[in-house]
Structures are given as structure tokens and as C-alpha cells.
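Engineer: Structure file query.pdb (PDB, C-alpha atoms) right here:
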ATOM      1  CA  MET N   1       6.725  24.855  15.171  1.00  0.00           C
ATOM      2  CA  ASN N   2       8.111  25.079  11.662  1.00  0.00           C
ATOM      3  CA  LEU N   3       6.551  23.269   8.699  1.00  0.00           C
ATOM      4  CA  ASP N   4       9.372  20.710   8.350  1.00  0.00           C
ATOM      5  CA  THR N   5       9.011  19.622  11.972  1.00  0.00           C
ATOM      6  CA  GLN N   6       5.242  19.351  11.628  1.00  0.00           C
ATOM      7  CA  SER N   7       5.678  17.301   8.433  1.00  0.00           C
ATOM      8  CA  VAL N   8       7.963  14.839  10.225  1.00  0.00           C
ATOM      9  CA  ILE N   9       5.539  14.538  13.170  1.00  0.00           C
ATOM     10  CA  LYS N  10       2.620  13.937  10.782  1.00  0.00           C
ATOM     11  CA  ASN N  11       4.580  11.272   8.920  1.00  0.00           C
ATOM     12  CA  ILE N  12       5.507   9.421  12.121  1.00  0.00           C
ATOM     13  CA  ALA N  13       1.954   9.596  13.500  1.00  0.00           C
ATOM     14  CA  LEU N  14       0.464   8.509  10.166  1.00  0.00           C
ATOM     15  CA  GLU N  15       2.871   5.604   9.779  1.00  0.00           C
ATOM     16  CA  GLU N  16       2.096   4.335  13.309  1.00  0.00           C
ATOM     17  CA  LYS N  17      -1.675   4.463  12.713  1.00  0.00           C
ATOM     18  CA  MET N  18      -1.359   2.897   9.269  1.00  0.00           C
ATOM     19  CA  LEU N  19       0.833   0.026  10.490  1.00  0.00           C
ATOM     20  CA  LYS N  20      -1.693  -0.732  13.218  1.00  0.00           C
ATOM     21  CA  ASP N  21      -4.674  -0.481  10.840  1.00  0.00           C
ATOM     22  CA  LEU N  22      -3.068  -2.742   8.243  1.00  0.00           C
ATOM     23  CA  GLY N  23      -1.798  -5.314  10.754  1.00  0.00           C
ATOM     24  CA  PHE N  24       1.957  -4.682  10.755  1.00  0.00           C
ATOM     25  CA  THR N  25       4.568  -3.858  13.331  1.00  0.00           C
ATOM     26  CA  GLN N  26       7.689  -1.848  12.634  1.00  0.00           C
ATOM     27  CA  GLU N  27       9.720  -4.898  13.630  1.00  0.00           C
ATOM     28  CA  GLN N  28       8.007  -7.027  10.967  1.00  0.00           C
ATOM     29  CA  LEU N  29       8.768  -4.462   8.269  1.00  0.00           C
ATOM     30  CA  ASP N  30      12.373  -4.081   9.422  1.00  0.00           C
ATOM     31  CA  LYS N  31      12.851  -7.853   9.394  1.00  0.00           C
ATOM     32  CA  LYS N  32      11.345  -8.250   5.913  1.00  0.00           C
ATOM     33  CA  TYR N  33      13.491  -5.433   4.530  1.00  0.00           C
ATOM     34  CA  ALA N  34      16.610  -6.949   6.134  1.00  0.00           C
ATOM     35  CA  GLU N  35      15.748 -10.268   4.422  1.00  0.00           C
ATOM     36  CA  ILE N  36      15.589  -8.464   1.063  1.00  0.00           C
ATOM     37  CA  VAL N  37      18.940  -6.799   1.690  1.00  0.00           C
ATOM     38  CA  ASP N  38      20.519 -10.140   2.685  1.00  0.00           C
ATOM     39  CA  PHE N  39      19.076 -11.868  -0.379  1.00  0.00           C
ATOM     40  CA  VAL N  40      20.446  -9.196  -2.705  1.00  0.00           C
ATOM     41  CA  GLU N  41      23.866  -9.250  -1.011  1.00  0.00           C
ATOM     42  CA  LYS N  42      24.092 -13.030  -1.499  1.00  0.00           C
ATOM     43  CA  ASP N  43      22.975 -12.828  -5.143  1.00  0.00           C
ATOM     44  CA  LYS N  44      25.180  -9.925  -6.282  1.00  0.00           C
ATOM     45  CA  SER N  45      27.563 -12.354  -7.957  1.00  0.00           C
ATOM     46  CA  LYS N  46      24.828 -13.221 -10.476  1.00  0.00           C
ATOM     47  CA  GLY N  47      24.659  -9.753 -12.013  1.00  0.00           C
ATOM     48  CA  ASP N  48      23.492  -6.222 -11.522  1.00  0.00           C
ATOM     49  CA  ILE N  49      20.788  -6.349  -8.899  1.00  0.00           C
ATOM     50  CA  SER N  50      20.224  -3.801  -6.202  1.00  0.00           C
ATOM     51  CA  VAL N  51      18.130  -3.307  -3.108  1.00  0.00           C
ATOM     52  CA  ILE N  52      14.979  -1.261  -3.516  1.00  0.00           C
ATOM     53  CA  PRO N  53      14.950   1.914  -1.405  1.00  0.00           C
ATOM     54  CA  GLN N  54      13.367   1.415   2.007  1.00  0.00           C
ATOM     55  CA  GLY N  55      10.745   4.116   1.337  1.00  0.00           C
ATOM     56  CA  TYR N  56       9.607   2.344  -1.825  1.00  0.00           C
ATOM     57  CA  PHE N  57       9.501  -0.958   0.071  1.00  0.00           C
ATOM     58  CA  LEU N  58       7.252   0.683   2.682  1.00  0.00           C
ATOM     59  CA  HIS N  59       5.041   2.194  -0.031  1.00  0.00           C
ATOM     60  CA  GLN N  60       4.598  -1.139  -1.833  1.00  0.00           C
ATOM     61  CA  THR N  61       4.064  -3.179   1.315  1.00  0.00           C
ATOM     62  CA  LEU N  62       1.433  -0.853   2.759  1.00  0.00           C
ATOM     63  CA  SER N  63      -0.400  -0.294  -0.526  1.00  0.00           C
ATOM     64  CA  LYS N  64      -0.658  -4.067  -1.071  1.00  0.00           C
ATOM     65  CA  ALA N  65      -2.022  -4.497   2.456  1.00  0.00           C
ATOM     66  CA  TYR N  66      -4.459  -1.607   1.885  1.00  0.00           C
ATOM     67  CA  ALA N  67      -5.691  -3.211  -1.341  1.00  0.00           C
ATOM     68  CA  LYS N  68      -6.092  -6.586   0.326  1.00  0.00           C
ATOM     69  CA  LYS N  69      -8.025  -5.125   3.268  1.00  0.00           C
ATOM     70  CA  TYR N  70     -10.135  -2.435   1.611  1.00  0.00           C
ATOM     71  CA  LEU N  71     -10.328  -3.006  -2.137  1.00  0.00           C
ATOM     72  CA  VAL N  72     -11.028  -6.713  -2.517  1.00  0.00           C
ATOM     73  CA  ASN N  73     -14.804  -6.553  -2.439  1.00  0.00           C
ATOM     74  CA  ASP N  74     -17.417  -6.785  -5.170  1.00  0.00           C
ATOM     75  CA  THR N  75     -18.402  -3.102  -5.100  1.00  0.00           C
ATOM     76  CA  THR N  76     -14.894  -1.693  -5.424  1.00  0.00           C
ATOM     77  CA  MET N  77     -13.868  -4.286  -7.987  1.00  0.00           C
ATOM     78  CA  LYS N  78     -16.932  -3.516 -10.141  1.00  0.00           C
ATOM     79  CA  LYS N  79     -16.378   0.251  -9.897  1.00  0.00           C
ATOM     80  CA  THR N  80     -12.731  -0.188 -10.858  1.00  0.00           C
ATOM     81  CA  TYR N  81     -13.626  -2.527 -13.729  1.00  0.00           C
ATOM     82  CA  ASN N  82     -16.254  -0.093 -15.026  1.00  0.00           C
ATOM     83  CA  SER N  83     -13.767   2.792 -14.933  1.00  0.00           C
ATOM     84  CA  LEU N  84     -11.609   1.066 -17.569  1.00  0.00           C
ATOM     85  CA  LYS N  85     -11.884   0.614 -21.325  1.00  0.00           C
ATOM     86  CA  GLY N  86     -10.704  -1.858 -23.969  1.00  0.00           C
ATOM     87  CA  GLU N  87      -7.607  -3.939 -23.280  1.00  0.00           C
ATOM     88  CA  ASP N  88      -7.201  -2.419 -19.809  1.00  0.00           C
ATOM     89  CA  LYS N  89     -10.677  -3.653 -18.913  1.00  0.00           C
ATOM     90  CA  LYS N  90      -9.898  -7.172 -20.175  1.00  0.00           C
ATOM     91  CA  ASN N  91      -6.600  -7.296 -18.270  1.00  0.00           C
ATOM     92  CA  PHE N  92      -8.219  -6.003 -15.100  1.00  0.00           C
ATOM     93  CA  GLY N  93     -10.894  -8.681 -15.400  1.00  0.00           C
ATOM     94  CA  GLN N  94      -8.189 -11.361 -15.252  1.00  0.00           C
ATOM     95  CA  LEU N  95      -6.463  -9.625 -12.324  1.00  0.00           C
ATOM     96  CA  SER N  96      -9.686  -9.269 -10.348  1.00  0.00           C
ATOM     97  CA  ASP N  97     -10.622 -12.900 -10.984  1.00  0.00           C
ATOM     98  CA  SER N  98      -7.335 -14.061  -9.462  1.00  0.00           C
ATOM     99  CA  VAL N  99      -7.625 -11.741  -6.456  1.00  0.00           C
ATOM    100  CA  LEU N 100     -11.235 -12.736  -5.757  1.00  0.00           C
ATOM    101  CA  TYR N 101     -10.417 -16.442  -6.268  1.00  0.00           C
ATOM    102  CA  ASN N 102      -7.678 -16.158  -3.679  1.00  0.00           C
ATOM    103  CA  LYS N 103      -9.993 -14.437  -1.196  1.00  0.00           C
ATOM    104  CA  GLU N 104     -12.729 -17.035  -1.607  1.00  0.00           C
ATOM    105  CA  ASN N 105     -10.432 -20.070  -1.489  1.00  0.00           C
ATOM    106  CA  ASN N 106      -7.757 -18.701   0.844  1.00  0.00           C
ATOM    107  CA  SER N 107      -5.095 -19.948  -1.545  1.00  0.00           C
ATOM    108  CA  LYS N 108      -1.619 -18.633  -2.220  1.00  0.00           C
ATOM    109  CA  MET N 109      -1.029 -17.624  -5.796  1.00  0.00           C
ATOM    110  CA  ILE N 110       2.430 -16.929  -7.159  1.00  0.00           C
ATOM    111  CA  ASP N 111       1.742 -13.410  -8.442  1.00  0.00           C
ATOM    112  CA  LEU N 112      -0.884 -12.421  -5.876  1.00  0.00           C
ATOM    113  CA  ASP N 113       1.163  -9.665  -4.177  1.00  0.00           C
ATOM    114  CA  ALA N 114       1.797  -8.044  -7.544  1.00  0.00           C
ATOM    115  CA  ASN N 115      -1.935  -8.257  -8.300  1.00  0.00           C
ATOM    116  CA  TYR N 116      -2.807  -6.498  -5.034  1.00  0.00           C
ATOM    117  CA  TYR N 117      -0.365  -3.736  -5.952  1.00  0.00           C
ATOM    118  CA  ARG N 118      -1.835  -3.449  -9.459  1.00  0.00           C
ATOM    119  CA  LEU N 119      -5.330  -3.291  -7.963  1.00  0.00           C
ATOM    120  CA  TYR N 120      -4.239  -0.450  -5.688  1.00  0.00           C
ATOM    121  CA  LEU N 121      -2.598   1.417  -8.594  1.00  0.00           C
ATOM    122  CA  VAL N 122      -5.569   1.068 -10.948  1.00  0.00           C
ATOM    123  CA  ALA N 123      -8.189   1.918  -8.308  1.00  0.00           C
ATOM    124  CA  SER N 124      -6.334   4.996  -7.079  1.00  0.00           C
ATOM    125  CA  LYS N 125      -5.357   6.208 -10.585  1.00  0.00           C
ATOM    126  CA  ASN N 126      -8.977   6.007 -11.741  1.00  0.00           C
ATOM    127  CA  LYS N 127     -10.164   7.682  -8.530  1.00  0.00           C
ATOM    128  CA  VAL N 128     -12.302   4.722  -7.498  1.00  0.00           C
ATOM    129  CA  VAL N 129     -10.835   5.111  -4.015  1.00  0.00           C
ATOM    130  CA  ASP N 130      -9.372   8.134  -2.267  1.00  0.00           C
ATOM    131  CA  VAL N 131      -6.237   6.941  -0.488  1.00  0.00           C
ATOM    132  CA  THR N 132      -5.395  10.474   0.639  1.00  0.00           C
ATOM    133  CA  LYS N 133      -8.716  10.637   2.509  1.00  0.00           C
ATOM    134  CA  TYR N 134      -7.965   7.241   4.106  1.00  0.00           C
ATOM    135  CA  GLN N 135      -4.603   8.547   5.297  1.00  0.00           C
ATOM    136  CA  GLN N 136      -6.089  11.862   6.493  1.00  0.00           C
ATOM    137  CA  ASP N 137      -8.744   9.959   8.479  1.00  0.00           C
ATOM    138  CA  LEU N 138      -6.007   7.902  10.144  1.00  0.00           C
ATOM    139  CA  LEU N 139      -3.997  11.027  10.930  1.00  0.00           C
ATOM    140  CA  ASP N 140      -7.083  12.696  12.421  1.00  0.00           C
ATOM    141  CA  LYS N 141      -7.380   9.733  14.815  1.00  0.00           C
ATOM    142  CA  ALA N 142      -3.701   9.904  15.785  1.00  0.00           C
ATOM    143  CA  ASP N 143      -3.084  10.974  19.349  1.00  0.00           C
ATOM    144  CA  VAL N 144      -0.410  13.646  19.118  1.00  0.00           C
ATOM    145  CA  LYS N 145      -0.578  15.440  22.446  1.00  0.00           C
ATOM    146  CA  GLY N 146      -0.409  19.204  22.429  1.00  0.00           C
ATOM    147  CA  ILE N 147      -0.068  19.567  18.666  1.00  0.00           C
ATOM    148  CA  LYS N 148      -2.766  20.552  16.201  1.00  0.00           C
ATOM    149  CA  LEU N 149      -1.755  18.917  12.921  1.00  0.00           C
ATOM    150  CA  SER N 150      -2.637  20.540   9.617  1.00  0.00           C
ATOM    151  CA  LYS N 151      -4.192  18.627   6.733  1.00  0.00           C
ATOM    152  CA  LEU N 152      -1.938  16.277   4.778  1.00  0.00           C
ATOM    153  CA  LYS N 153      -0.298  17.703   1.699  1.00  0.00           C
ATOM    154  CA  PRO N 154       0.200  15.399  -1.335  1.00  0.00           C
ATOM    155  CA  ASP N 155       3.923  15.049  -0.637  1.00  0.00           C
ATOM    156  CA  GLU N 156       3.282  14.027   2.981  1.00  0.00           C
ATOM    157  CA  THR N 157       1.296  10.873   2.229  1.00  0.00           C
ATOM    158  CA  ILE N 158       2.849   7.421   2.529  1.00  0.00           C
ATOM    159  CA  PHE N 159       1.193   6.025  -0.600  1.00  0.00           C
TER     160      PHE N 159
END
Hey, can you dump this file as C-alpha cells for me?
Structural biologist:
Amino acid sequence: MNLDTQSVIKNIALEEKMLKDLGFTQEQLDKKYAEIVDFVEKDKSKGDISVIPQGYFLHQTLSKAYAKKYLVNDTTMKKTYNSLKGEDKKNFGQLSDSVLYNKENNSKMIDLDANYYRLYLVASKNKVVDVTKYQQDLLDKADVKGIKLSKLKPDETIF
């Protein structure tokens, strides 16, 4: 089996495991993306707006869900906060307050999705969490019959 074929198989297996772990179905993602496309098509008369690429939509959606499921806890939030300095630390304090408030009160905040994405970006950039290891662990659990999959390369990860 050539490397390109193995890369595609790994990506499909990883995406299936990740969707299941993060509580999505492919149909839900397809529907949400179609809603975005429809919204943009209807609003094109208002100016230059365009649809985000589907791969970027998948990346954002799954990283927000990952942050919500795995990063919104006191330990991770404190480690992330302590990894920052100055203005970044102050800004992260406000972000973490809003995310934790939402978790405790089960409320819907206007900018909450963006805050989950920022949390994911800051935590992964500062190496508080290892999202590649999370994805490799999921891939290791994938049931791909008859194929021994190699370790994920950086360009094979979903986020």
C-alpha cells in the first residue's frame, strides 16, 4: 500500500473515531455546513462574503468540541493561564471566566463558541495539551481490518 492511500485511510478512520468521541455524526456536520452555504448565498447581495472551506469548518467545529469536552476543567485552565504572561494572561483570565461560567450555569453566551476555539488555540500553542497524542490515541483504537497503520504525521492530523 502506498503512503498516499495509507494517509487517506488514516484520515477516514481518525475522523470517524473523532466524530464519535466528540458527539457528532457526519450528517450533522453536513447539515450545518449546508446551512452556512445557504446563509452566505442569500447574503451575497450585501457585499463580499464567502463560504469558509469545508476542511476549515471541520477543523473549527471539532477543535471547539474538543475544548468543550477536554479543556474546560480547573487543572487545564490553570495550566494554560500559568503558561501566559502580561496582557495575554489578563485576556485569558476573562476568556476562562466566561467559559467556566457557562459550564457552571449551563447558559448560552453570544461569543462562547469563539471562546472555546481560543481556548483550544492557546492551550495547544503553549503545549498545555497534546492534541496530536489525542488524535493518535483515537487512531490506535480505530478498527481498520487487515491494515497496520503507521503513526500520524503532523500533516495528517485533523486539528
Engineer: Could you list, as a list in words, every residue within 10 Å of Leu22 in chain N, counting all atoms listed in the file and ignoring same-chain residues fewer than 4 positions away?
Structural biologist: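 Here the answer would be Lys17, Met18, Thr61, Leu62, Ser63, Lys64, Ala65, Tyr66, Ala67, Lys68, Lys69 and Tyr70 of chain N.
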Engineer: Save out the residues we just selected, C-alpha atoms, as a PDB file, in the coordinates of the input.
Structural biologist:
ATOM      1  CA  LYS N  17      -1.675   4.463  12.713  1.00  0.00           C
ATOM      2  CA  MET N  18      -1.359   2.897   9.269  1.00  0.00           C
ATOM      3  CA  THR N  61       4.064  -3.179   1.315  1.00  0.00           C
ATOM      4  CA  LEU N  62       1.433  -0.853   2.759  1.00  0.00           C
ATOM      5  CA  SER N  63      -0.400  -0.294  -0.526  1.00  0.00           C
ATOM      6  CA  LYS N  64      -0.658  -4.067  -1.071  1.00  0.00           C
ATOM      7  CA  ALA N  65      -2.022  -4.497   2.456  1.00  0.00           C
ATOM      8  CA  TYR N  66      -4.459  -1.607   1.885  1.00  0.00           C
ATOM      9  CA  ALA N  67      -5.691  -3.211  -1.341  1.00  0.00           C
ATOM     10  CA  LYS N  68      -6.092  -6.586   0.326  1.00  0.00           C
ATOM     11  CA  LYS N  69      -8.025  -5.125   3.268  1.00  0.00           C
ATOM     12  CA  TYR N  70     -10.135  -2.435   1.611  1.00  0.00           C
TER      13      TYR N  70
END
Engineer: Just checking: using only C-alpha atoms, which residue out of N:Leu71, N:Val40, N:Ala142, N:Leu3 ends up closest to Ala123 in chain N?
Structural biologist: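 Counting only C-alpha atoms, the residue closest to Ala123 in chain N is N:Leu71.
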Engineer: If I take CA of Ser150 in chain N and CA of Asp130 in chain N, how far is one from the other in Å, to one decimal?
Structural biologist: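 Computed distance, CA of Ser150 in chain N to CA of Asp130 in chain N, equals 18.5 Å.
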Engineer: Enter the distance from CA of Lys89 in chain N to CA of Pro154 in chain N, in Å, rounded to one decimal.
Structural biologist: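 Distance reported for this atom pair: 28.1 Å.
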Engineer: Please compute the CA of Asp113 in chain N-CA of Lys85 in chain N distance, one decimal, in Å.
Structural biologist: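 Calculated distance between CA of Asp113 in chain N and CA of Lys85 in chain N is 23.9 Å.
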Engineer: Given all atoms listed in the file as the basis, pick out the residue of N:Asp38, N:Met77, N:Phe92, N:Glu16 nearest to Leu138 in chain N.
Structural biologist: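 Closest to Leu138 in chain N of all the choices is N:Glu16.
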Engineer: Show me as a list in words the residues that reach within 12 Å of (-4.5, 6.8, 17.2), counting only C-alpha atoms and using the file's own coordinates.
Structural biologist: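 The answer, in the requested form, is Lys10, Ile12, Ala13, Leu14, Glu15, Glu16, Lys17, Met18, Leu19, Lys20, Asp21, Gln136, Asp137, Leu138, Leu139, Asp140, Lys141, Ala142, Asp143, Val144 and Lys145 of chain N.
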Engineer: May I ask which of the residues N:Glu27, N:Tyr120, N:Gly146, N:Ser96 is the closest one to His59 in chain N, counting all atoms listed in the file?
Structural biologist: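 Of N:Glu27, N:Tyr120, N:Gly146, N:Ser96, the one nearest His59 in chain N is N:Tyr120, counting all atoms listed in the file.
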Engineer: Could you list, as a PyMOL selection string, every residue within 12 Å of Ile49 in chain N, counting all atoms listed in the file and ignoring same-chain residues fewer than 6 positions away?
Structural biologist: chain N and resi 36-37+39-43
Engineer: Between N:Gln60, N:Gln54, N:Lys90, N:Lys148, which residue has the minimum interatomic distance to Arg118 in chain N, considering only C-alpha atoms?
Structural biologist: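 Closest candidate: N:Gln60.
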Engineer: Would you place a box with edges along x, y and z of the file around all atoms of range 56-67 of chain N listed there, add 8 Å to each of its six sides, and report the centre and edge lengths in Å to one decimal, as lines of an AutoDock Vina configuration file?
Structural biologist:
center_x = 2.0
center_y = -1.1
center_z = 0.5
size_x = 31.3
size_y = 22.8
size_z = 20.6
Engineer: Could you write range 79-91 of chain N as an mmCIF file, keeping the file's coordinate frame, with N, CA, C and O atoms rebuilt where they are missing?
Structural biologist:
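Saved to rebuild00.cif:
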data_model
loop_
_atom_site.group_PDB
_atom_site.id
_atom_site.type_symbol
_atom_site.label_atom_id
_atom_site.label_comp_id
_atom_site.auth_asym_id
_atom_site.auth_seq_id
_atom_site.Cartn_x
_atom_site.Cartn_y
_atom_site.Cartn_z
ATOM 1 N N LYS N 79 -16.607 -1.156 -9.575
ATOM 2 C CA LYS N 79 -16.378 0.251 -9.897
ATOM 3 C C LYS N 79 -15.056 0.418 -10.654
ATOM 4 O O LYS N 79 -14.990 1.179 -11.618
ATOM 5 N N THR N 80 -14.034 -0.281 -10.200
ATOM 6 C CA THR N 80 -12.731 -0.188 -10.858
ATOM 7 C C THR N 80 -12.828 -0.748 -12.269
ATOM 8 O O THR N 80 -12.354 -0.132 -13.225
ATOM 9 N N TYR N 81 -13.452 -1.899 -12.415
ATOM 10 C CA TYR N 81 -13.626 -2.527 -13.729
ATOM 11 C C TYR N 81 -14.373 -1.595 -14.678
ATOM 12 O O TYR N 81 -13.979 -1.401 -15.818
ATOM 13 N N ASN N 82 -15.443 -0.979 -14.188
ATOM 14 C CA ASN N 82 -16.254 -0.093 -15.026
ATOM 15 C C ASN N 82 -15.546 1.211 -15.380
ATOM 16 O O ASN N 82 -15.943 1.885 -16.328
ATOM 17 N N SER N 83 -14.500 1.559 -14.635
ATOM 18 C CA SER N 83 -13.767 2.792 -14.933
ATOM 19 C C SER N 83 -12.769 2.612 -16.081
ATOM 20 O O SER N 83 -12.174 3.577 -16.548
ATOM 21 N N LEU N 84 -12.600 1.370 -16.537
ATOM 22 C CA LEU N 84 -11.609 1.066 -17.569
ATOM 23 C C LEU N 84 -12.259 0.847 -18.930
ATOM 24 O O LEU N 84 -13.462 0.651 -19.023
ATOM 25 N N LYS N 85 -11.403 0.836 -19.960
ATOM 26 C CA LYS N 85 -11.884 0.614 -21.325
ATOM 27 C C LYS N 85 -10.951 -0.351 -22.051
ATOM 28 O O LYS N 85 -9.771 -0.455 -21.727
ATOM 29 N N GLY N 86 -11.492 -1.030 -23.049
ATOM 30 C CA GLY N 86 -10.704 -1.858 -23.969
ATOM 31 C C GLY N 86 -9.826 -2.912 -23.323
ATOM 32 O O GLY N 86 -10.273 -3.687 -22.474
ATOM 33 N N GLU N 87 -8.572 -2.932 -23.744
ATOM 34 C CA GLU N 87 -7.607 -3.939 -23.280
ATOM 35 C C GLU N 87 -7.366 -3.837 -21.770
ATOM 36 O O GLU N 87 -7.196 -4.843 -21.096
ATOM 37 N N ASP N 88 -7.379 -2.605 -21.253
ATOM 38 C CA ASP N 88 -7.201 -2.419 -19.809
ATOM 39 C C ASP N 88 -8.325 -3.121 -19.039
ATOM 40 O O ASP N 88 -8.095 -3.730 -18.004
ATOM 41 N N LYS N 89 -9.526 -3.029 -19.562
ATOM 42 C CA LYS N 89 -10.677 -3.653 -18.913
ATOM 43 C C LYS N 89 -10.532 -5.179 -18.921
ATOM 44 O O LYS N 89 -10.770 -5.842 -17.912
ATOM 45 N N LYS N 90 -10.099 -5.724 -20.056
ATOM 46 C CA LYS N 90 -9.898 -7.172 -20.175
ATOM 47 C C LYS N 90 -8.815 -7.643 -19.201
ATOM 48 O O LYS N 90 -8.995 -8.628 -18.478
ATOM 49 N N ASN N 91 -7.692 -6.921 -19.168
ATOM 50 C CA ASN N 91 -6.600 -7.296 -18.270
ATOM 51 C C ASN N 91 -7.004 -7.191 -16.805
ATOM 52 O O ASN N 91 -6.643 -8.032 -15.990
#
